[in-house]
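A.B. asks: Input file: coords_32.cif. Contents: mmCIF, C-alpha atoms.
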```cif
data_final
#
loop_
_atom_site.label_atom_id
_atom_site.label_comp_id
_atom_site.auth_asym_id
_atom_site.auth_seq_id
_atom_site.Cartn_x
_atom_site.Cartn_y
_atom_site.Cartn_z
CA MET A 330 59.41 49.83 126.10
CA THR A 331 62.10 49.66 123.46
CA ASP A 332 61.37 47.98 120.13
CA ARG A 333 64.54 46.23 119.08
CA GLY A 334 62.96 44.97 115.86
CA PHE A 335 63.14 41.55 114.35
CA ASP A 336 66.58 40.33 113.31
CA PRO A 337 66.01 37.65 110.65
CA VAL A 338 69.68 36.58 110.61
CA ALA A 339 69.79 36.07 114.37
CA HIS A 340 66.43 34.28 114.25
CA ALA A 341 67.65 31.93 111.51
CA ARG A 342 70.82 31.20 113.47
CA ALA A 343 68.78 30.45 116.62
CA VAL A 344 66.30 28.09 114.96
CA ARG A 345 69.10 26.23 113.16
CA ALA A 346 70.99 25.85 116.43
CA SER A 347 67.81 24.54 118.07
CA GLY A 348 67.41 21.95 115.32
CA PHE A 349 64.13 23.33 113.96
CA TRP A 350 65.60 24.24 110.56
CA LEU A 351 67.60 21.47 108.96
CA ASP A 352 68.40 23.16 105.64
CA LYS A 353 66.93 20.28 103.67
CA THR A 354 64.33 20.44 100.96
CA PHE A 355 61.04 18.63 101.14
CA ASP A 356 62.30 16.50 98.27
CA GLU A 357 65.31 15.40 100.36
CA PHE A 358 63.04 14.37 103.24
CA LEU A 359 60.75 12.53 100.82
CA THR A 360 63.68 10.72 99.17
CA THR A 361 64.87 9.54 102.59
CA THR A 362 61.38 8.29 103.46
CA ILE A 363 61.01 6.51 100.12
CA ALA A 364 64.37 4.76 100.54
CA ALA A 365 63.50 3.67 104.08
CA THR A 366 59.92 2.52 103.42
CA PRO A 367 59.33 1.96 99.69
CA ASP A 368 56.40 -0.43 100.15
CA LYS A 369 54.65 1.60 102.83
CA LEU A 370 51.37 3.23 101.87
CA ALA A 371 51.94 6.90 101.03
CA ILE A 372 48.52 7.97 99.75
CA ILE A 373 44.99 6.65 99.92
CA ALA A 374 43.17 8.57 97.22
CA ASP A 375 39.43 8.37 97.79
CA ARG A 376 37.21 10.21 95.33
CA ALA A 377 33.44 10.46 95.31
CA ASP A 378 33.36 9.55 91.61
CA ARG A 379 35.32 6.30 92.09
CA ASP A 380 34.14 2.95 93.44
CA GLN A 381 37.41 2.13 95.21
CA PRO A 382 40.13 4.33 96.67
CA ARG A 383 43.48 4.24 94.91
CA ARG A 384 46.36 3.12 97.12
CA ILE A 385 49.82 4.42 96.27
CA THR A 386 53.02 3.21 97.95
CA TYR A 387 56.04 5.44 98.48
CA SER A 388 57.91 3.74 95.62
CA GLU A 389 54.95 4.30 93.26
CA PHE A 390 54.68 7.88 94.50
CA ALA A 391 58.38 8.40 93.81
CA ASP A 392 57.96 7.05 90.29
CA PHE A 393 54.98 9.35 89.60
CA ILE A 394 56.92 12.37 90.88
CA ALA A 395 60.04 11.52 88.85
CA ARG A 396 58.03 10.98 85.66
CA ALA A 397 56.01 14.16 86.16
CA ALA A 398 59.16 16.21 86.84
CA ALA A 399 60.82 14.82 83.71
CA ALA A 400 57.70 15.43 81.61
CA LEU A 401 57.43 19.02 82.86
CA ARG A 402 61.09 19.59 82.05
CA ASN A 403 60.49 18.13 78.61
CA MET A 404 57.61 20.59 78.11
CA GLY A 405 60.10 23.40 78.67
CA VAL A 406 59.24 24.11 82.30
CA ALA A 407 62.34 25.45 84.02
CA HIS A 408 63.34 26.93 87.36
CA GLY A 409 60.97 29.78 88.23
CA ASP A 410 58.33 28.96 85.61
CA VAL A 411 54.76 28.88 86.86
CA VAL A 412 52.67 25.71 86.77
CA ALA A 413 49.05 26.51 87.60
CA VAL A 414 47.11 23.67 89.18
CA GLN A 415 43.32 23.88 89.33
CA LEU A 416 42.58 20.54 90.95
CA PRO A 417 40.52 19.48 93.90
CA ASN A 418 42.21 17.55 96.69
CA TRP A 419 43.32 14.69 94.39
CA TRP A 420 46.55 12.68 94.51
CA GLU A 421 47.68 14.19 91.20
CA PHE A 422 47.98 17.56 92.94
CA ALA A 423 50.56 16.14 95.36
CA VAL A 424 52.53 14.61 92.48
CA ILE A 425 52.60 17.85 90.50
CA ALA A 426 53.47 20.00 93.52
CA LEU A 427 56.41 17.75 94.42
CA ALA A 428 57.53 17.44 90.79
CA CYS A 429 57.55 21.23 90.50
CA GLY A 430 59.57 21.50 93.70
CA ARG A 431 62.07 19.05 92.29
CA ILE A 432 62.69 21.10 89.14
CA GLY A 433 62.36 24.50 90.81
CA ALA A 434 59.09 25.51 89.15
CA THR A 435 56.53 27.55 91.04
CA VAL A 436 53.17 25.94 91.80
CA ASN A 437 50.20 28.28 91.55
CA PRO A 438 47.26 26.47 93.20
CA LEU A 439 43.92 27.70 91.89
CA MET A 440 40.54 26.83 93.36
CA PRO A 441 38.31 24.59 91.24
CA ILE A 442 35.43 27.06 91.69
CA PHE A 443 37.22 29.65 89.52
CA ARG A 444 35.59 30.12 86.14
CA GLU A 445 36.70 31.92 82.98
CA ARG A 446 37.02 35.41 84.41
CA GLU A 447 38.95 34.50 87.58
CA LEU A 448 40.98 31.72 86.01
CA GLY A 449 41.93 33.79 82.96
CA TYR A 450 43.04 36.66 85.18
CA MET A 451 45.13 34.43 87.46
CA LEU A 452 46.80 32.55 84.59
CA ASP A 453 47.64 35.81 82.82
CA PHE A 454 48.82 37.61 85.96
CA ALA A 455 51.08 34.71 87.01
CA GLU A 456 52.26 34.15 83.43
CA ALA A 457 51.56 30.44 83.83
CA LYS A 458 53.35 28.22 81.35
CA VAL A 459 51.30 25.12 82.20
CA LEU A 460 47.78 24.62 83.51
CA ILE A 461 46.77 21.30 85.05
CA THR A 462 43.03 20.94 85.44
CA PRO A 463 40.43 18.19 85.82
CA LYS A 464 38.40 17.08 82.81
CA SER A 465 35.30 17.61 84.88
CA PHE A 466 34.61 18.33 88.52
CA ARG A 467 31.19 18.60 90.14
CA GLY A 468 29.50 18.64 86.75
CA PHE A 469 31.59 21.46 85.25
CA ASP A 470 33.79 20.89 82.16
CA HIS A 471 37.14 22.41 83.14
CA GLU A 472 38.85 21.10 80.03
CA MET A 473 36.47 23.04 77.78
CA MET A 474 36.92 26.17 79.86
CA ALA A 475 40.71 25.91 79.60
CA ALA A 476 40.52 25.35 75.84
CA GLY A 477 38.41 28.50 75.53
CA LEU A 478 40.94 30.58 77.47
CA ARG A 479 44.09 29.49 75.62
CA ALA A 480 43.86 31.95 72.73
CA GLY A 481 43.98 34.90 75.12
CA LEU A 482 46.92 33.55 77.13
CA PRO A 483 50.09 33.63 75.00
CA LYS A 484 52.34 32.52 77.89
CA LEU A 485 50.26 29.39 78.49
CA LYS A 486 52.00 26.69 76.45
CA HIS A 487 50.39 23.50 77.80
CA VAL A 488 47.09 22.39 79.31
CA ILE A 489 47.23 19.00 81.03
CA VAL A 490 43.91 17.37 81.88
CA VAL A 491 43.48 14.90 84.74
CA ASP A 492 41.03 12.19 83.62
CA GLY A 493 41.27 13.61 80.11
CA GLU A 494 41.82 11.71 76.91
CA GLY A 495 44.28 12.22 74.10
CA PRO A 496 47.71 13.82 74.12
CA ASN A 497 46.91 16.38 76.87
CA SER A 498 45.89 13.74 79.39
CA PHE A 499 47.75 13.69 82.71
CA ASP A 500 48.23 9.96 82.20
CA LYS A 501 49.95 10.66 78.86
CA MET A 502 52.66 12.86 80.39
CA PRO A 503 55.11 9.92 80.51
CA SER A 504 54.32 9.16 76.84
CA ARG A 505 55.31 12.71 75.93
CA LEU A 506 58.54 12.13 77.78
CA LYS A 507 59.16 8.84 75.96
CA ARG A 508 58.61 10.48 72.56
CA ALA A 509 60.93 13.34 73.49
CA LEU A 510 63.62 10.95 74.71
CA CYS A 511 63.39 8.94 71.48
CA THR A 512 63.67 12.14 69.43
CA ALA A 513 66.63 13.36 71.49
CA THR A 514 68.36 9.98 71.17
CA LYS A 515 67.90 10.01 67.38
CA ARG A 516 69.23 13.58 67.18
CA ARG A 517 72.24 12.66 69.30
CA ALA A 518 72.90 9.60 67.11
CA ARG A 519 72.79 11.73 63.94
CA ARG A 520 75.22 14.28 65.45
CA THR A 521 77.71 11.62 66.51
CA ALA A 522 77.36 9.40 63.43
CA PRO A 523 80.53 9.22 61.33
CA GLY A 524 80.48 10.89 57.94
#
```
Hey, can you dump this file as structure tokens for me?
C.D. replies:
Amino acid sequence: MTDRGFDPVAHARAVRASGFWLDKTFDEFLTTTIAATPDKLAIIADRADRDQPRRITYSEFADFIARAAAALRNMGVAHGDVVAVQLPNWWEFAVIALACGRIGATVNPLMPIFRERELGYMLDFAEAKVLITPKSFRGFDHEMMAAGLRAGLPKLKHVIVVDGEGPNSFDKMPSRLKRALCTATKRRARRTAPG
């Protein structure tokens, strides 16, 4: 038996010709779906710690993704930067993953069971620029753990906390963007002002 080996170029050509690879990004497929069915339900987010599931339409989902992508960009996250996400199976994970895909950042999913030793190692090894974590999950304070790790992680510039309070809250990401846009607009106005 002769082993001819795997030819990745020929394989790619064959699967494209068969219509299995369409050379589109997930974001392109999602944008098409959002345009076609903006009011259709995209996510039903049911959490054990909530009375009612949250229902998110495709148009709302698109808005969350766009705002998260813009906020990440505003935080200095660029193509190839690592965004570590230590969330359970919550809707915010989907938003962040798709926002990262949109701006070319790399998502590093980390299991919520990781504690200081494992999480610190993974964040350092991946050179994560951002960590997104829950305030608390299953009785453990992830926000406090992340705060304790920051001093030893010089590459980690931002910790965003889902269900957190204050400026690092996931819900405040659009506010950060608004402040940055206001600052940029003022700077631009000063540069272009006569005199």
A.B. asks: Name the residues in contact with stretch 432-443 of chain A at a cut-off of 10 Å, using all atoms listed in the file, excluding same-chain residues fewer than 2 positions from it; report them as a PDB file with C-alpha atoms, in the frame of the given file.
C.D. replies:
```pdb
ATOM      1  CA  ALA A 395      60.040  11.520  88.850  1.00  0.00           C
ATOM      2  CA  ALA A 398      59.160  16.210  86.840  1.00  0.00           C
ATOM      3  CA  ALA A 399      60.820  14.820  83.710  1.00  0.00           C
ATOM      4  CA  LEU A 401      57.430  19.020  82.860  1.00  0.00           C
ATOM      5  CA  ARG A 402      61.090  19.590  82.050  1.00  0.00           C
ATOM      6  CA  VAL A 406      59.240  24.110  82.300  1.00  0.00           C
ATOM      7  CA  ALA A 407      62.340  25.450  84.020  1.00  0.00           C
ATOM      8  CA  HIS A 408      63.340  26.930  87.360  1.00  0.00           C
ATOM      9  CA  GLY A 409      60.970  29.780  88.230  1.00  0.00           C
ATOM     10  CA  ASP A 410      58.330  28.960  85.610  1.00  0.00           C
ATOM     11  CA  VAL A 411      54.760  28.880  86.860  1.00  0.00           C
ATOM     12  CA  VAL A 412      52.670  25.710  86.770  1.00  0.00           C
ATOM     13  CA  ALA A 413      49.050  26.510  87.600  1.00  0.00           C
ATOM     14  CA  VAL A 414      47.110  23.670  89.180  1.00  0.00           C
ATOM     15  CA  GLN A 415      43.320  23.880  89.330  1.00  0.00           C
ATOM     16  CA  LEU A 416      42.580  20.540  90.950  1.00  0.00           C
ATOM     17  CA  PRO A 417      40.520  19.480  93.900  1.00  0.00           C
ATOM     18  CA  ASN A 418      42.210  17.550  96.690  1.00  0.00           C
ATOM     19  CA  PHE A 422      47.980  17.560  92.940  1.00  0.00           C
ATOM     20  CA  ILE A 425      52.600  17.850  90.500  1.00  0.00           C
ATOM     21  CA  ALA A 426      53.470  20.000  93.520  1.00  0.00           C
ATOM     22  CA  LEU A 427      56.410  17.750  94.420  1.00  0.00           C
ATOM     23  CA  ALA A 428      57.530  17.440  90.790  1.00  0.00           C
ATOM     24  CA  CYS A 429      57.550  21.230  90.500  1.00  0.00           C
ATOM     25  CA  GLY A 430      59.570  21.500  93.700  1.00  0.00           C
ATOM     26  CA  GLU A 445      36.700  31.920  82.980  1.00  0.00           C
ATOM     27  CA  ARG A 446      37.020  35.410  84.410  1.00  0.00           C
ATOM     28  CA  GLU A 447      38.950  34.500  87.580  1.00  0.00           C
ATOM     29  CA  LEU A 448      40.980  31.720  86.010  1.00  0.00           C
ATOM     30  CA  GLY A 449      41.930  33.790  82.960  1.00  0.00           C
ATOM     31  CA  MET A 451      45.130  34.430  87.460  1.00  0.00           C
ATOM     32  CA  LEU A 452      46.800  32.550  84.590  1.00  0.00           C
ATOM     33  CA  ALA A 455      51.080  34.710  87.010  1.00  0.00           C
ATOM     34  CA  ALA A 457      51.560  30.440  83.830  1.00  0.00           C
ATOM     35  CA  VAL A 459      51.300  25.120  82.200  1.00  0.00           C
ATOM     36  CA  LEU A 460      47.780  24.620  83.510  1.00  0.00           C
ATOM     37  CA  ILE A 461      46.770  21.300  85.050  1.00  0.00           C
ATOM     38  CA  THR A 462      43.030  20.940  85.440  1.00  0.00           C
ATOM     39  CA  PRO A 463      40.430  18.190  85.820  1.00  0.00           C
ATOM     40  CA  SER A 465      35.300  17.610  84.880  1.00  0.00           C
ATOM     41  CA  PHE A 466      34.610  18.330  88.520  1.00  0.00           C
ATOM     42  CA  ARG A 467      31.190  18.600  90.140  1.00  0.00           C
ATOM     43  CA  PHE A 469      31.590  21.460  85.250  1.00  0.00           C
ATOM     44  CA  HIS A 471      37.140  22.410  83.140  1.00  0.00           C
TER      45      HIS A 471
END
```
A.B. asks: The PyMOL selection byres ((chain A and resi 375) around 12) on the file shown: which residues, as a ChimeraX atom specification?
C.D. replies: /A:372-374,376-385,417-420
A.B. asks: Might you spell out which residues the PyMOL selection byres ((chain A and resi 491) around 8) would select in the displayed file, as a PDB file with C-alpha atoms, in the coordinates of the input?
C.D. replies:
```
ATOM      1  CA  GLU A 421      47.680  14.190  91.200  1.00  0.00           C
ATOM      2  CA  ILE A 461      46.770  21.300  85.050  1.00  0.00           C
ATOM      3  CA  THR A 462      43.030  20.940  85.440  1.00  0.00           C
ATOM      4  CA  PRO A 463      40.430  18.190  85.820  1.00  0.00           C
ATOM      5  CA  LYS A 464      38.400  17.080  82.810  1.00  0.00           C
ATOM      6  CA  ILE A 489      47.230  19.000  81.030  1.00  0.00           C
ATOM      7  CA  VAL A 490      43.910  17.370  81.880  1.00  0.00           C
ATOM      8  CA  ASP A 492      41.030  12.190  83.620  1.00  0.00           C
ATOM      9  CA  GLY A 493      41.270  13.610  80.110  1.00  0.00           C
ATOM     10  CA  SER A 498      45.890  13.740  79.390  1.00  0.00           C
ATOM     11  CA  PHE A 499      47.750  13.690  82.710  1.00  0.00           C
ATOM     12  CA  ASP A 500      48.230   9.960  82.200  1.00  0.00           C
TER      13      ASP A 500
END
```
A.B. asks: So the first atom is atom CA of A:Ala397 and the second is atom CA of A:Gly495; what is the distance between them in Å, to one decimal place?
C.D. replies: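 Distance between the two atoms: 16.9 Å.
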A.B. asks: Can you tell me, as a short mmCIF file (atom, residue, chain, number, x, y, z; two decimals) with C-alpha atoms, keeping the file's coordinate frame, what residues are no more than 10 Å from A:Thr362 when counting all atoms listed in the file, ignoring any on the same chain fewer than 4 positions away?
C.D. replies:
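Final output, saved to result-v7.cif:
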```cif
data_model
loop_
_atom_site.label_atom_id
_atom_site.label_comp_id
_atom_site.auth_asym_id
_atom_site.auth_seq_id
_atom_site.Cartn_x
_atom_site.Cartn_y
_atom_site.Cartn_z
CA ASP A 356 62.30 16.50 98.27
CA GLU A 357 65.31 15.40 100.36
CA PHE A 358 63.04 14.37 103.24
CA THR A 366 59.92 2.52 103.42
CA PRO A 367 59.33 1.96 99.69
CA LYS A 369 54.65 1.60 102.83
CA ALA A 371 51.94 6.90 101.03
CA TYR A 387 56.04 5.44 98.48
CA SER A 388 57.91 3.74 95.62
#
```
A.B. asks: Any idea what the distance is between atom CA of A:Thr361 and atom CA of A:Phe349?
C.D. replies: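 The value is 17.9 Å.
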A.B. asks: Just how far from atom CA of A:Gly481 is atom CA of A:Ala400, in Å to one decimal?
C.D. replies: 24.7 Å
A.B. asks: Report, as JSON, the centre and edge lengths in Å (one decimal) of the axis-aligned box enclosing every listed atom of stretch 485-500 of chain A, padded by 3 Å on each side.
C.D. replies:
```
{"center_x": 46.5, "center_y": 19.7, "center_z": 79.4, "size_x": 17.0, "size_y": 25.4, "size_z": 16.6}
```
